[in-house]
file coords.cif (mmCIF, C-alpha atoms)
data_start
#
loop_
_atom_site.group_PDB
_atom_site.id
_atom_site.type_symbol
_atom_site.label_atom_id
_atom_site.label_comp_id
_atom_site.auth_asym_id
_atom_site.auth_seq_id
_atom_site.Cartn_x
_atom_site.Cartn_y
_atom_site.Cartn_z
ATOM 1 C CA MET A 1 -4.141 -25.963 -38.101
ATOM 2 C CA PRO A 2 -2.756 -23.754 -40.922
ATOM 3 C CA TYR A 3 0.600 -24.764 -42.341
ATOM 4 C CA ALA A 4 3.674 -22.767 -41.431
ATOM 5 C CA LYS A 5 5.793 -21.088 -44.097
ATOM 6 C CA ARG A 6 7.570 -23.624 -46.293
ATOM 7 C CA SER A 7 11.256 -24.118 -45.354
ATOM 8 C CA THR A 8 13.694 -23.201 -48.152
ATOM 9 C CA LEU A 9 16.822 -25.065 -46.997
ATOM 10 C CA PRO A 10 16.995 -28.829 -47.531
ATOM 11 C CA TRP A 11 16.531 -31.064 -44.515
ATOM 12 C CA THR A 12 18.589 -34.182 -43.850
ATOM 13 C CA ILE A 13 16.589 -36.777 -41.954
ATOM 14 C CA THR A 14 18.101 -39.920 -40.427
ATOM 15 C CA ASP A 15 17.935 -42.239 -37.442
ATOM 16 C CA GLY A 16 21.207 -40.758 -36.168
ATOM 17 C CA ARG A 17 23.403 -43.677 -37.184
ATOM 18 C CA ALA A 18 26.760 -42.292 -38.260
ATOM 19 C CA GLY A 19 26.822 -43.970 -41.664
ATOM 20 C CA ASN A 20 23.324 -42.759 -42.534
ATOM 21 C CA VAL A 21 23.981 -39.222 -41.330
ATOM 22 C CA ARG A 22 27.221 -39.073 -43.318
ATOM 23 C CA GLN A 23 25.569 -40.025 -46.597
ATOM 24 C CA ALA A 24 22.600 -37.683 -46.241
ATOM 25 C CA VAL A 25 24.770 -34.742 -45.212
ATOM 26 C CA ALA A 26 27.262 -35.425 -48.022
ATOM 27 C CA LEU A 27 24.538 -35.296 -50.650
ATOM 28 C CA ALA A 28 22.893 -32.198 -49.175
ATOM 29 C CA SER A 29 26.258 -30.424 -49.114
ATOM 30 C CA ALA A 30 27.034 -31.418 -52.704
ATOM 31 C CA LEU A 31 23.724 -29.911 -53.861
ATOM 32 C CA ARG A 32 25.055 -26.483 -52.825
ATOM 33 C CA LEU A 33 21.692 -25.005 -51.903
ATOM 34 C CA GLY A 34 23.044 -22.558 -49.356
ATOM 35 C CA GLY A 35 23.132 -24.852 -46.348
ATOM 36 C CA GLN A 36 21.018 -27.531 -44.747
ATOM 37 C CA GLN A 37 19.069 -28.341 -41.623
ATOM 38 C CA ARG A 38 19.301 -31.673 -39.815
ATOM 39 C CA LEU A 39 16.786 -33.746 -37.953
ATOM 40 C CA GLN A 40 17.287 -36.985 -36.056
ATOM 41 C CA LEU A 41 14.251 -39.209 -35.828
ATOM 42 C CA HIS A 42 13.154 -40.773 -32.559
ATOM 43 C CA PRO A 43 10.722 -43.423 -33.779
ATOM 44 C CA ARG A 44 8.458 -45.224 -31.339
ATOM 45 C CA ALA A 45 6.758 -48.584 -31.499
ATOM 46 C CA PRO A 46 4.737 -49.689 -33.341
ATOM 47 C CA TRP A 47 5.596 -47.195 -36.110
ATOM 48 C CA ARG A 48 9.324 -47.981 -36.103
ATOM 49 C CA TRP A 49 8.538 -51.650 -36.635
ATOM 50 C CA LEU A 50 6.508 -51.054 -39.788
ATOM 51 C CA THR A 51 8.282 -48.171 -41.511
ATOM 52 C CA PRO A 52 8.461 -47.320 -44.378
ATOM 53 C CA ARG A 53 4.909 -48.646 -44.450
ATOM 54 C CA LEU A 54 2.670 -46.064 -42.831
ATOM 55 C CA MET A 55 -0.095 -46.368 -40.327
ATOM 56 C CA PRO A 56 -2.304 -43.774 -38.578
ATOM 57 C CA GLY A 57 -0.421 -41.401 -36.293
ATOM 58 C CA ALA A 58 2.896 -41.792 -38.133
ATOM 59 C CA ALA A 59 3.711 -38.084 -37.856
ATOM 60 C CA GLN A 60 3.804 -38.436 -34.062
ATOM 61 C CA GLY A 61 5.424 -41.865 -34.274
ATOM 62 C CA PHE A 62 8.731 -40.433 -35.500
ATOM 63 C CA GLY A 63 9.067 -38.053 -32.549
ATOM 64 C CA PRO A 64 7.864 -34.529 -31.711
ATOM 65 C CA ALA A 65 10.546 -32.745 -33.767
ATOM 66 C CA PHE A 66 9.434 -34.568 -36.890
ATOM 67 C CA ALA A 67 5.772 -33.878 -36.179
ATOM 68 C CA GLN A 68 6.624 -30.185 -36.070
ATOM 69 C CA LEU A 69 8.635 -30.440 -39.288
ATOM 70 C CA VAL A 70 5.648 -31.909 -41.134
ATOM 71 C CA ASN A 71 3.771 -28.725 -40.296
ATOM 72 C CA THR A 72 6.521 -26.545 -41.836
ATOM 73 C CA ARG A 73 6.230 -28.337 -45.191
ATOM 74 C CA PRO A 74 9.962 -28.294 -46.149
ATOM 75 C CA GLY A 75 10.676 -27.945 -49.846
ATOM 76 C CA LEU A 76 13.272 -30.730 -49.990
ATOM 77 C CA ALA A 77 14.108 -33.579 -47.628
ATOM 78 C CA ILE A 78 17.007 -36.024 -47.978
ATOM 79 C CA GLY A 79 16.880 -39.187 -45.903
ATOM 80 C CA CYS A 80 19.030 -42.253 -45.441
ATOM 81 C CA GLY A 81 17.963 -45.580 -43.983
ATOM 82 C CA ARG A 82 14.678 -47.381 -43.374
ATOM 83 C CA GLN A 83 13.325 -45.061 -40.674
ATOM 84 C CA ALA A 84 14.038 -42.027 -42.827
ATOM 85 C CA ALA A 85 12.249 -43.692 -45.753
ATOM 86 C CA GLY A 86 9.002 -43.739 -43.775
ATOM 87 C CA ALA A 87 9.437 -40.154 -42.617
ATOM 88 C CA LEU A 88 10.155 -38.939 -46.155
ATOM 89 C CA ARG A 89 7.168 -40.832 -47.493
ATOM 90 C CA LEU A 90 4.936 -38.910 -45.097
ATOM 91 C CA LEU A 91 6.561 -35.576 -45.997
ATOM 92 C CA GLY A 92 6.045 -36.357 -49.674
ATOM 93 C CA ARG A 93 2.317 -36.609 -49.081
ATOM 94 C CA HIS A 94 2.447 -32.981 -47.897
ATOM 95 C CA GLY A 95 4.233 -31.727 -51.005
ATOM 96 C CA THR A 96 7.892 -32.042 -49.981
ATOM 97 C CA ARG A 97 10.258 -33.268 -52.682
ATOM 98 C CA THR A 98 12.070 -36.309 -51.334
ATOM 99 C CA VAL A 99 15.394 -38.042 -51.983
ATOM 100 C CA GLN A 100 15.734 -41.432 -50.294
ATOM 101 C CA ILE A 101 19.213 -42.961 -49.915
ATOM 102 C CA LEU A 102 19.354 -46.794 -49.652
ATOM 103 C CA ASP A 103 16.741 -49.318 -50.672
ATOM 104 C CA PRO A 104 13.462 -48.804 -48.749
ATOM 105 C CA ARG A 105 12.330 -52.369 -49.585
ATOM 106 C CA ILE A 106 8.973 -51.279 -50.977
ATOM 107 C CA SER A 107 7.820 -49.645 -54.224
ATOM 108 C CA THR A 108 9.943 -46.715 -55.387
ATOM 109 C CA ARG A 109 6.840 -44.674 -56.309
ATOM 110 C CA HIS A 110 6.644 -43.151 -52.813
ATOM 111 C CA TRP A 111 9.757 -40.948 -53.318
ATOM 112 C CA ASP A 112 10.847 -38.512 -56.013
ATOM 113 C CA VAL A 113 14.412 -39.833 -56.310
ATOM 114 C CA LEU A 114 16.159 -42.829 -54.770
ATOM 115 C CA VAL A 115 19.934 -43.286 -54.534
ATOM 116 C CA VAL A 116 21.185 -46.832 -54.049
ATOM 117 C CA PRO A 117 24.488 -48.699 -54.423
ATOM 118 C CA GLU A 118 25.037 -50.634 -57.653
ATOM 119 C CA HIS A 119 25.494 -53.837 -55.625
ATOM 120 C CA ASP A 120 21.832 -53.629 -54.593
ATOM 121 C CA GLN A 121 19.260 -54.908 -57.069
ATOM 122 C CA LEU A 122 16.841 -51.963 -56.921
ATOM 123 C CA ARG A 123 16.236 -50.287 -60.269
ATOM 124 C CA GLY A 124 13.603 -47.917 -61.636
ATOM 125 C CA GLU A 125 13.000 -44.693 -63.537
ATOM 126 C CA ASN A 126 13.505 -42.603 -60.403
ATOM 127 C CA VAL A 127 16.452 -44.671 -59.088
ATOM 128 C CA LEU A 128 20.058 -43.465 -59.308
ATOM 129 C CA THR A 129 22.837 -45.971 -58.704
ATOM 130 C CA LEU A 130 26.413 -45.402 -57.622
ATOM 131 C CA LEU A 131 29.481 -47.485 -56.908
ATOM 132 C CA GLY A 132 29.889 -47.478 -53.139
ATOM 133 C CA SER A 133 28.355 -44.855 -50.899
ATOM 134 C CA LEU A 134 27.931 -41.096 -50.791
ATOM 135 C CA ASN A 135 30.677 -39.330 -48.851
ATOM 136 C CA PRO A 136 32.302 -35.916 -48.399
ATOM 137 C CA VAL A 137 35.817 -36.864 -49.533
ATOM 138 C CA SER A 138 37.209 -34.396 -52.076
ATOM 139 C CA ASP A 139 40.527 -32.641 -52.614
ATOM 140 C CA ASP A 140 39.325 -29.736 -50.465
ATOM 141 C CA TRP A 141 38.118 -32.100 -47.703
ATOM 142 C CA LEU A 142 41.483 -33.876 -47.684
ATOM 143 C CA ALA A 143 43.331 -30.556 -47.586
ATOM 144 C CA LEU A 144 41.290 -29.520 -44.549
ATOM 145 C CA GLY A 145 42.165 -32.848 -42.919
ATOM 146 C CA ARG A 146 45.866 -32.236 -43.501
ATOM 147 C CA ALA A 147 45.592 -28.729 -42.088
ATOM 148 C CA ALA A 148 43.703 -29.906 -38.995
ATOM 149 C CA PHE A 149 46.338 -32.577 -38.268
ATOM 150 C CA SER A 150 49.430 -30.873 -39.651
ATOM 151 C CA SER A 151 51.701 -32.652 -37.146
ATOM 152 C CA PHE A 152 51.257 -35.879 -39.147
ATOM 153 C CA GLU A 153 53.546 -34.374 -41.791
ATOM 154 C CA GLN A 154 56.470 -35.026 -39.434
ATOM 155 C CA LEU A 155 55.861 -38.790 -39.455
ATOM 156 C CA PRO A 156 58.242 -40.779 -41.666
ATOM 157 C CA GLY A 157 56.967 -41.920 -45.035
ATOM 158 C CA PRO A 158 55.488 -43.826 -46.553
ATOM 159 C CA ARG A 159 52.538 -43.348 -44.205
ATOM 160 C CA THR A 160 50.165 -46.316 -44.142
ATOM 161 C CA ALA A 161 46.615 -45.570 -43.040
ATOM 162 C CA LEU A 162 44.865 -48.552 -41.444
ATOM 163 C CA LEU A 163 41.073 -48.386 -41.068
ATOM 164 C CA LEU A 164 39.662 -51.146 -38.855
ATOM 165 C CA GLY A 165 35.955 -51.868 -38.716
ATOM 166 C CA GLY A 166 34.392 -54.976 -37.224
ATOM 167 C CA PRO A 167 32.848 -58.290 -38.292
ATOM 168 C CA THR A 168 29.417 -58.112 -39.933
ATOM 169 C CA GLU A 169 26.937 -60.507 -41.483
ATOM 170 C CA HIS A 170 28.414 -59.866 -44.929
ATOM 171 C CA ALA A 171 32.040 -59.949 -43.780
ATOM 172 C CA PRO A 172 32.292 -62.329 -40.781
ATOM 173 C CA TRP A 173 36.026 -62.138 -40.074
ATOM 174 C CA GLN A 174 37.434 -62.949 -36.647
ATOM 175 C CA GLU A 175 40.186 -61.734 -34.319
ATOM 176 C CA GLN A 176 42.375 -64.714 -35.181
ATOM 177 C CA ASP A 177 42.108 -63.717 -38.871
ATOM 178 C CA ILE A 178 43.304 -60.143 -38.469
ATOM 179 C CA GLU A 179 45.999 -60.457 -35.801
ATOM 180 C CA PRO A 180 48.634 -62.169 -38.030
ATOM 181 C CA LEU A 181 48.064 -59.516 -40.717
ATOM 182 C CA LEU A 182 48.608 -56.726 -38.202
ATOM 183 C CA GLN A 183 51.870 -58.337 -37.150
ATOM 184 C CA GLN A 184 52.977 -58.767 -40.768
ATOM 185 C CA LEU A 185 52.161 -55.147 -41.576
ATOM 186 C CA ALA A 186 54.082 -53.915 -38.543
ATOM 187 C CA ALA A 187 57.077 -56.058 -39.522
ATOM 188 C CA ARG A 188 57.064 -54.643 -43.062
ATOM 189 C CA ILE A 189 56.996 -51.057 -41.800
ATOM 190 C CA ARG A 190 59.838 -51.771 -39.360
ATOM 191 C CA ALA A 191 61.928 -53.322 -42.145
ATOM 192 C CA GLN A 192 61.177 -50.814 -44.892
ATOM 193 C CA GLY A 193 60.602 -47.633 -42.897
ATOM 194 C CA GLY A 194 57.530 -45.451 -42.709
ATOM 195 C CA SER A 195 54.769 -44.997 -40.153
ATOM 196 C CA ILE A 196 51.258 -46.139 -39.282
ATOM 197 C CA LEU A 197 48.090 -44.021 -39.109
ATOM 198 C CA ALA A 198 45.418 -46.281 -37.629
ATOM 199 C CA THR A 199 41.873 -45.863 -36.419
ATOM 200 C CA THR A 200 39.212 -48.238 -35.131
ATOM 201 C CA SER A 201 35.423 -47.958 -35.262
ATOM 202 C CA ARG A 202 32.599 -48.511 -32.815
ATOM 203 C CA ARG A 203 32.267 -52.025 -34.185
ATOM 204 C CA THR A 204 35.907 -53.005 -33.647
ATOM 205 C CA PRO A 205 36.069 -55.760 -30.998
ATOM 206 C CA ARG A 206 38.243 -54.869 -28.023
ATOM 207 C CA PRO A 207 40.555 -57.867 -28.569
ATOM 208 C CA VAL A 208 41.281 -56.553 -32.082
ATOM 209 C CA THR A 209 42.071 -53.105 -30.709
ATOM 210 C CA ASP A 210 44.413 -54.701 -28.162
ATOM 211 C CA ALA A 211 46.112 -56.696 -30.932
ATOM 212 C CA LEU A 212 46.544 -53.472 -32.925
ATOM 213 C CA LEU A 213 48.190 -51.680 -30.016
ATOM 214 C CA ARG A 214 50.528 -54.620 -29.366
ATOM 215 C CA ALA A 215 51.560 -55.027 -32.989
ATOM 216 C CA PHE A 216 52.478 -51.365 -33.508
ATOM 217 C CA ASP A 217 53.814 -50.595 -30.045
ATOM 218 C CA ASP A 218 57.271 -49.684 -31.395
ATOM 219 C CA VAL A 219 56.244 -48.399 -34.846
ATOM 220 C CA PRO A 220 56.170 -44.626 -35.485
ATOM 221 C CA GLY A 221 52.707 -43.241 -36.028
ATOM 222 C CA VAL A 222 49.319 -42.481 -34.546
ATOM 223 C CA ILE A 223 46.706 -44.962 -33.328
ATOM 224 C CA TRP A 224 43.217 -43.754 -32.425
ATOM 225 C CA SER A 225 41.382 -46.514 -30.601
ATOM 226 C CA ASP A 226 38.590 -44.802 -28.632
ATOM 227 C CA GLY A 227 37.234 -41.486 -27.401
ATOM 228 C CA GLY A 228 39.933 -41.367 -24.740
ATOM 229 C CA ASP A 229 42.469 -40.659 -27.477
ATOM 230 C CA GLY A 230 40.963 -37.251 -28.213
ATOM 231 C CA SER A 231 39.368 -36.169 -31.478
ATOM 232 C CA ASN A 232 39.223 -38.842 -34.148
ATOM 233 C CA PRO A 233 41.914 -37.891 -36.701
ATOM 234 C CA TYR A 234 40.153 -39.771 -39.521
ATOM 235 C CA ALA A 235 40.294 -36.891 -42.003
ATOM 236 C CA GLY A 236 43.961 -36.357 -41.197
ATOM 237 C CA LEU A 237 44.683 -40.052 -41.679
ATOM 238 C CA LEU A 238 43.169 -40.025 -45.157
ATOM 239 C CA GLY A 239 44.723 -36.668 -45.977
ATOM 240 C CA TRP A 240 48.295 -37.655 -45.080
ATOM 241 C CA ALA A 241 48.207 -41.317 -46.154
ATOM 242 C CA ASP A 242 50.475 -42.579 -48.944
ATOM 243 C CA ARG A 243 48.486 -45.837 -49.027
ATOM 244 C CA ILE A 244 45.437 -47.167 -47.216
ATOM 245 C CA LEU A 245 44.388 -50.555 -45.843
ATOM 246 C CA CYS A 246 40.811 -51.364 -44.779
ATOM 247 C CA THR A 247 38.974 -54.322 -43.315
ATOM 248 C CA PRO A 248 36.287 -55.731 -45.675
ATOM 249 C CA ASP A 249 33.162 -54.961 -43.666
ATOM 250 C CA SER A 250 32.181 -51.380 -44.496
ATOM 251 C CA VAL A 251 31.040 -49.951 -47.822
ATOM 252 C CA ASN A 252 31.468 -46.477 -46.344
ATOM 253 C CA LEU A 253 35.075 -47.030 -45.248
ATOM 254 C CA LEU A 254 36.107 -48.531 -48.577
ATOM 255 C CA SER A 255 34.276 -45.843 -50.555
ATOM 256 C CA GLU A 256 35.974 -43.041 -48.646
ATOM 257 C CA ALA A 257 39.384 -44.688 -48.882
ATOM 258 C CA CYS A 258 38.931 -45.091 -52.634
ATOM 259 C CA ALA A 259 37.894 -41.425 -52.934
ATOM 260 C CA THR A 260 41.491 -40.437 -52.128
ATOM 261 C CA ARG A 261 44.314 -40.387 -54.673
ATOM 262 C CA VAL A 262 46.434 -43.168 -53.134
ATOM 263 C CA PRO A 263 46.453 -46.979 -53.509
ATOM 264 C CA VAL A 264 43.919 -48.889 -51.393
ATOM 265 C CA GLY A 265 44.091 -52.485 -50.175
ATOM 266 C CA VAL A 266 41.498 -54.625 -48.417
ATOM 267 C CA LEU A 267 42.463 -57.014 -45.646
ATOM 268 C CA LEU A 268 40.564 -60.313 -45.489
ATOM 269 C CA GLY A 269 38.711 -59.493 -48.675
ATOM 270 C CA GLN A 270 38.002 -63.198 -49.115
ATOM 271 C CA ARG A 271 35.697 -63.008 -46.087
ATOM 272 C CA ALA A 272 33.316 -60.671 -47.906
ATOM 273 C CA GLN A 273 29.991 -62.180 -48.941
ATOM 274 C CA ALA A 274 26.898 -61.284 -50.945
ATOM 275 C CA ARG A 275 26.578 -57.553 -51.713
ATOM 276 C CA MET A 276 29.874 -56.723 -50.018
ATOM 277 C CA ALA A 277 31.710 -59.210 -52.239
ATOM 278 C CA HIS A 278 30.064 -57.740 -55.366
ATOM 279 C CA PHE A 279 31.082 -54.235 -54.339
ATOM 280 C CA GLN A 280 34.699 -55.192 -53.803
ATOM 281 C CA ALA A 281 34.767 -57.094 -57.102
ATOM 282 C CA ALA A 282 33.593 -53.930 -58.874
ATOM 283 C CA LEU A 283 36.372 -51.926 -57.216
ATOM 284 C CA ARG A 284 38.944 -54.493 -58.348
ATOM 285 C CA GLU A 285 37.619 -54.424 -61.909
ATOM 286 C CA ARG A 286 38.049 -50.661 -61.895
ATOM 287 C CA GLY A 287 41.632 -51.109 -60.696
ATOM 288 C CA ARG A 288 40.884 -49.230 -57.500
ATOM 289 C CA LEU A 289 41.333 -52.024 -54.951
ATOM 290 C CA LEU A 290 44.207 -54.398 -54.202
ATOM 291 C CA ASP A 291 44.152 -57.495 -52.043
ATOM 292 C CA GLY A 292 45.765 -57.506 -48.629
ATOM 293 C CA LEU A 293 49.317 -56.335 -48.147
ATOM 294 C CA ALA A 294 49.839 -56.215 -51.921
ATOM 295 C CA VAL A 295 49.214 -52.479 -51.581
ATOM 296 C CA LEU A 296 52.685 -52.267 -49.994
ATOM 297 C CA ASP A 297 54.172 -53.578 -53.244
ATOM 298 C CA ALA A 298 52.264 -51.249 -55.535
ATOM 299 C CA GLY A 299 55.495 -49.689 -56.773
ATOM 300 C CA PRO A 300 56.198 -45.948 -56.766
ATOM 301 C CA LEU A 301 53.508 -44.098 -54.884
ATOM 302 C CA GLN A 302 51.842 -42.359 -57.810
ATOM 303 C CA PRO A 303 48.472 -40.613 -57.583
ATOM 304 C CA VAL A 304 45.566 -42.694 -58.806
ATOM 305 C CA GLU A 305 42.128 -41.786 -60.138
ATOM 306 C CA PRO A 306 39.819 -41.342 -57.144
ATOM 307 C CA LEU A 307 36.370 -42.890 -56.921
ATOM 308 C CA ARG A 308 34.086 -39.901 -56.407
ATOM 309 C CA GLU A 309 30.418 -40.485 -57.051
ATOM 310 C CA THR A 310 28.829 -37.874 -54.796
ATOM 311 C CA GLU A 311 29.201 -34.901 -57.159
ATOM 312 C CA ARG A 312 27.843 -36.914 -60.101
ATOM 313 C CA VAL A 313 24.820 -38.051 -58.100
ATOM 314 C CA ALA A 314 24.197 -34.530 -56.790
ATOM 315 C CA ALA A 315 24.264 -33.113 -60.319
ATOM 316 C CA GLU A 316 21.675 -35.659 -61.436
ATOM 317 C CA VAL A 317 19.459 -34.951 -58.409
ATOM 318 C CA ARG A 318 19.625 -31.227 -59.210
ATOM 319 C CA ARG A 319 18.648 -31.930 -62.798
ATOM 320 C CA ARG A 320 15.762 -34.245 -61.989
ATOM 321 C CA LEU A 321 14.276 -31.996 -59.330
ATOM 322 C CA ALA A 322 15.056 -28.768 -61.215
ATOM 323 C CA LEU A 323 16.849 -27.366 -58.173
#

call {"tool": "encode", "arguments": {"input": "coords.cif", "output": "structure tokens"}}
result
Amino acid sequence: MPYAKRSTLPWTITDGRAGNVRQAVALASALRLGGQQRLQLHPRAPWRWLTPRLMPGAAQGFGPAFAQLVNTRPGLAIGCGRQAAGALRLLGRHGTRTVQILDPRISTRHWDVLVVPEHDQLRGENVLTLLGSLNPVSDDWLALGRAAFSSFEQLPGPRTALLLGGPTEHAPWQEQDIEPLLQQLAARIRAQGGSILATTSRRTPRPVTDALLRAFDDVPGVIWSDGGDGSNPYAGLLGWADRILCTPDSVNLLSEACATRVPVGVLLGQRAQARMAHFQAALRERGRLLDGLAVLDAGPLQPVEPLRETERVAAEVRRRLAL
């Protein structure tokens, strides 16, 4: 079968997981190539078990949409995650330039450029490292968040954004760990004034969400706890926050919080292990992360230097691939 005309816009290719999509889309946007096209993989066994190692029939193993994309021979593909690594490896064999985000766990020679966090150990001539994760947070992005949720301006200051994730292998905190901290935070806001801007994630255990709602029942603010609360105001929370608190389980959450211009604290930071602990230590060394409720005592709320790695990485990708 003859190949179709080569696609000129970059493709972002992921397994559909929110964190992977966010990183791939953020990098594609920062490249400023006039737009992007997105594809979600639907890998089937046995190919999804073995990726990024390839076996016969892999083009069909990632789903019919991907099989069709292979035929179009896109000029540039950006993927994030293990499934995407296998898909990009196959596209690379057909002449597509490939940028793989996150460690694929095999030789780096199968991709043109790899982008990995500093707290991973992967290194190589075609490997770019960054502190944290790729994300869209910029002054313009924050301004759009404020505009979309302009009603938050009426909430009393200082506004404390609270970003709750959930326990993970590298940060195995429990409900009984977080509940006293939620109560202490609520008590401080009642005593000192201000408001709460809180959001949970898909990984937040229901008992933690219930504890959040109880603790801040009489505190001014906004709490988004599930889809029943309407659109997630996450961008508005970051845009209007005077200070931010995060649980210790998500590189993405901490990276995006630290990309703002306000102080950031991590709750239960001592529960972080392995790569997550190394990442948080690097943020502390840079003066970008405080421990626990110490962020409430950070003094006058002065702007701080944001952690923004996405534009730097995008510039280097453009240079290396001569985009």

call {"tool": "closest_residue", "arguments": {"input": "coords.cif", "among": "A:His278, A:Arg32, A:Arg146, A:Arg38", "to": "Thr12 (chain A)", "atoms": "only C-alpha atoms"}}
result
A:Arg38

call {"tool": "resolve_selection", "arguments": {"input": "coords.cif", "expression": "the PyMOL selection byres ((chain A and resi 39) around 8)", "output": "PyMOL selection string"}}
result
chain A and resi 11-14+37-38+40-41+65-66

call {"tool": "atom_distance", "arguments": {"input": "coords.cif", "atom1": "CA of Leu102 (chain A)", "atom2": "CA of His42 (chain A)"}}
result
19.2 Å

call {"tool": "closest_residue", "arguments": {"input": "coords.cif", "among": "A:Thr8, A:Met55, A:Asp218, A:Ala30", "to": "Pro74 (chain A)", "atoms": "all atoms listed in the file"}}
result
A:Thr8

call {"tool": "closest_residue", "arguments": {"input": "coords.cif", "among": "A:Val113, A:Ala257, A:Ala282, A:Leu128", "to": "Leu162 (chain A)", "atoms": "all atoms listed in the file"}}
result
A:Ala257

call {"tool": "resolve_selection", "arguments": {"input": "coords.cif", "expression": "the PyMOL selection byres ((chain A and resi 114) around 10)", "output": "VMD selection string"}}
result
chain A and resid 78 to 80 85 98 to 104 108 to 113 115 to 116 122 to 129 317

call {"tool": "resolve_selection", "arguments": {"input": "coords.cif", "expression": "the PyMOL selection byres ((chain A and resi 252) around 9)", "output": "ChimeraX atom specification"}}
result
/A:19,23,132-135,250-251,253-257

call {"tool": "residues_around", "arguments": {"input": "coords.cif", "residues": "Pro207 (chain A)", "least_positions_apart": "6", "cutoff": "12 Å", "atoms": "all atoms listed in the file", "output": "PyMOL selection string"}}
result
chain A and resi 166+174-179+200+213-214+225

call {"tool": "atom_distance", "arguments": {"input": "coords.cif", "atom1": "CA of Ala67 (chain A)", "atom2": "CA of Gly81 (chain A)"}}
result
18.6 Å

call {"tool": "atom_distance", "arguments": {"input": "coords.cif", "atom1": "CA of Ala235 (chain A)", "atom2": "CA of Val208 (chain A)"}}
result
22.0 Å

call {"tool": "closest_residue", "arguments": {"input": "coords.cif", "among": "A:Ala59, A:Ala26, A:Ala315, A:Leu197", "to": "Ser138 (chain A)", "atoms": "all atoms listed in the file"}}
result
A:Ala26

call {"tool": "closest_residue", "arguments": {"input": "coords.cif", "among": "A:Arg288, A:Arg188, A:Arg271, A:Arg308", "to": "Ala259 (chain A)", "atoms": "all atoms listed in the file"}}
result
A:Arg308
